[in-house]
2 protein chains.
Amino acid sequence: MSQPLHERIRSDIETGILSGTLAPGDRLSTEVELMARYGCARMTVNKALSALSAAGLVDRRKRAGSFVASPRLHAMVLDVPDLPQEVTARGQTYAFRLIERRVRTAKATGDAAFDVGAGRVLEIVGVHLADDLPLAVEQRCVSLAVVPAIEHASFAEEPPGTWLLRNIPWTEAETRIAAIGADARNAVLLHVEPDAPLLRIDRRTWRGQHRVTAVRQCFRAGAYDLWARFRTEDAAGRQTT
Amino acid sequence: MSQPLHERIRSDIETGILSGTLAPGDRLSTEVELMARYGCARMTVNKALSALSAAGLVDRRKRAGSFVASPRLHAMVLDVPDLPQEVTARGQTYAFRLIERRVRTAKATGDAAFDVGAGRVLEIVGVHLADDLPLAVEQRCVSLAVVPAIEHASFAEEPPGTWLLRNIPWTEAETRIAAIGADARNAVLLHVEPDAPLLRIDRRTWRGQHRVTAVRQCFRAGAYDLWARFRTEDAAGRQTT
DNA sequence: TAGTGGTCTAGACCACAGC
DNA sequence: CTGTGGTCTAGACCACTAG
């Protein structure tokens, strides 16, 4: 038996759903029935059905049974790019040029996208470069109350985003993606015409109840694309053995 | 006991990781130790640790033990918008205006973004409208070999994307997001100036080995933003009870 | 109220990788 | 070699809810 039994049971049912043999709303066999069919214990069947439920392929209701869920998968996995890594992976040399760096105290920014709560805040503006060509402009606020160590970090070696990724685990994050026209400052920094299309990525990050950082990155059009993928296997927690 | 025990064990360890008490690379207690600490069976502990492993918070190695995973996940959950639903949720009226619809056979498009394999293919061009204002231009190819029923669908009631979402489960999808300048055709259809910034979303979808559909949506800047979120609880499969 | 899933137990054998 | 996680068993009790 090269494949675990609960994995085979899960795979059998998943195949039925994806091939259309099992239509949305259809009732699956009960755990007791599957137990008899595969000649195994109930825990084994339960593990398979729980995985399908976690993946959203199956809806389980007490007393009623397990049902094929309506195709509702509106979610994909979005890669959060680590720019130095992405750039070097493309065979280019990465650099971060710091434009501004200051510490302010507790003032409201007036812009909800950059609010990281009360206390001392580190504000950074910089440019990501690939082979010395500007790739993106980054504006960032970091709460020094949550991340005091970053006040003394030099961003010569790595940009603030990478520093944070390496040092601060986060529990919650929110990303907003839009297309905008370049304003005067971004046009200069990115070497593009004013009103040229830019990809704007806003991200806010929490650690528990505390806001860690808020960042806005504006990419030159064509300089970098975002990718997202979805695989049923990922959602079902299948091992990539 | 309002909370399942395996959930409490998982929560305890997760809290330790996120608070920094458990640093990346630290070794967790073994299943046997946790079993003794919580006074429960090994299966219960295993369920908690498996969930943390699936969430990417913990790395488990045979003979070595369980360790706090070092770099945090670089991935978030991207909402795949169902435009009619999004638009009506904003209190606007949604409509889809069909511009082109034709069936071609097996020819190569020359554009990899729209390749859905051999056989008969339905090609659609249309505009998504919110309160009669153009929101996005959509170009789509659908493989009629995989989805024959769509050949006779009228898109008066719902756009092809929604039709597919309701009728065809998919196993794998890939999305690419970029900012572009409007070409002549899109400028006319969206009522914007040529070269105005647009948010372009390309998506290809598979069902098993077969390519189901390939779509390109170009949104007016500011008309619609993409959102992505991440919560540790989601990844750990915690129920939202 | 009876059937279903949710959870848990106290064992067990095995594969695997560090020691 | 030995400890670890991966898997599985044959039971059990409970909560919930649809019939």
# chains A, B, ... in the order shown; residues from 1 in each chain; ligands from 1

$ residues_around --residues "Ser70 of chain A" --least-positions-apart "3" --cutoff "10 Å" --atoms "only C-alpha atoms (C1' of nucleotides)" --output "ChimeraX atom specification"
/A:23-26,56-59,67,73 /B:165-169

$ write_last_selection --atoms "C-alpha atoms" --output "tab-separated table (two decimals), in the first residue's frame"
chain	number	residue	atom	x	y	z
A	23	ALA	CA	-23.23	16.37	-9.05
A	24	PRO	CA	-23.50	19.33	-6.67
A	25	GLY	CA	-26.14	18.59	-4.06
A	26	ASP	CA	-25.79	14.83	-4.34
A	56	GLY	CA	-14.78	23.05	0.29
A	57	LEU	CA	-15.67	20.21	-2.04
A	58	VAL	CA	-18.05	18.61	0.42
A	59	ASP	CA	-20.63	19.98	2.83
A	67	PHE	CA	-23.22	16.39	0.25
A	73	LEU	CA	-14.40	28.10	-5.14
B	165	LEU	CA	-18.88	29.11	-12.03
B	166	ARG	CA	-22.36	27.72	-11.45
B	167	ASN	CA	-22.01	24.79	-13.79
B	168	ILE	CA	-18.41	23.65	-14.07
B	169	PRO	CA	-16.23	22.73	-11.12

$ residues_around --residues "DT7 of chain C" --least-positions-apart "4" --cutoff "9 Å" --atoms "only C-alpha atoms (C1' of nucleotides)" --output "mmCIF file with N, CA and C atoms (P, O5', C5', C4', C3', O3' and C1' of nucleotides), in the first residue's frame"
data_model
loop_
_atom_site.group_PDB
_atom_site.id
_atom_site.type_symbol
_atom_site.label_atom_id
_atom_site.label_comp_id
_atom_site.auth_asym_id
_atom_site.auth_seq_id
_atom_site.Cartn_x
_atom_site.Cartn_y
_atom_site.Cartn_z
ATOM 1 N N PRO B 4 -13.356 21.780 21.349
ATOM 2 C CA PRO B 4 -12.697 20.477 21.241
ATOM 3 C C PRO B 4 -11.273 20.552 21.767
ATOM 4 N N LEU B 5 -10.815 19.455 22.335
ATOM 5 C CA LEU B 5 -9.481 19.452 22.928
ATOM 6 C C LEU B 5 -8.392 19.647 21.884
ATOM 7 N N THR B 44 -5.419 12.604 19.360
ATOM 8 C CA THR B 44 -5.903 13.968 19.603
ATOM 9 C C THR B 44 -4.785 14.979 19.409
ATOM 10 P P DC D 13 -20.596 4.130 25.922
ATOM 11 O "O5'" DC D 13 -20.603 5.725 25.858
ATOM 12 C "C5'" DC D 13 -19.612 6.462 26.574
ATOM 13 C "C4'" DC D 13 -19.678 7.906 26.143
ATOM 14 C "C3'" DC D 13 -21.092 8.506 26.201
ATOM 15 O "O3'" DC D 13 -21.043 9.717 26.924
ATOM 16 C "C1'" DC D 13 -20.098 8.910 24.080
ATOM 17 P P DC D 14 -22.391 10.473 27.330
ATOM 18 O "O5'" DC D 14 -22.403 11.674 26.287
ATOM 19 C "C5'" DC D 14 -21.235 12.487 26.141
ATOM 20 C "C4'" DC D 14 -21.387 13.395 24.937
ATOM 21 C "C3'" DC D 14 -22.746 14.095 24.854
ATOM 22 O "O3'" DC D 14 -22.545 15.486 24.927
ATOM 23 C "C1'" DC D 14 -22.103 13.141 22.745
#

$ select_by_dssp --residues "chain B" --states "strand (DSSP E or B)" --output "ChimeraX atom specification"
/B:27,58-61,65-68,75-79,94-105,120-130,133-143,172-181,197-207,210-220,226-231

$ closest_atom_pairs --of "chain B" --to "chain C" --cutoff "9 Å" --atoms "only C-alpha atoms (C1' of nucleotides)" --output "tab-separated table"
residue	atom	partner	partner_atom	distance
B:Pro4	CA	C:DT7	C1'	7.3
B:Leu5	CA	C:DT7	C1'	8.7
B:Cys40	CA	C:DT9	C1'	7.9
B:Ala41	CA	C:DT9	C1'	6.0
B:Arg42	CA	C:DT9	C1'	8.9
B:Met43	CA	C:DC8	C1'	8.3
B:Thr44	CA	C:DC8	C1'	7.2
B:Arg61	CA	C:DA17	C1'	8.2
B:Lys62	CA	C:DA17	C1'	6.2
B:Arg63	CA	C:DA17	C1'	5.7
B:Ala64	CA	C:DG18	C1'	6.4

$ atom_distance --atom1 "atom CA of Ser50 of chain A" --atom2 "atom CA of Arg27 of chain B"
27.9 Å

$ interface_residues --of "chain D" --to "chain A" --cutoff "7 Å" --atoms "only C-alpha atoms (C1' of nucleotides)" --output "list of chain:residue names"
D:DT9, D:DC16, D:DT17, D:DA18

$ closest_residue --among "B:Ala221, B:Val147, B:Val137, B:Ala179" --to "Val125 of chain B" --atoms "only C-alpha atoms"
B:Val137
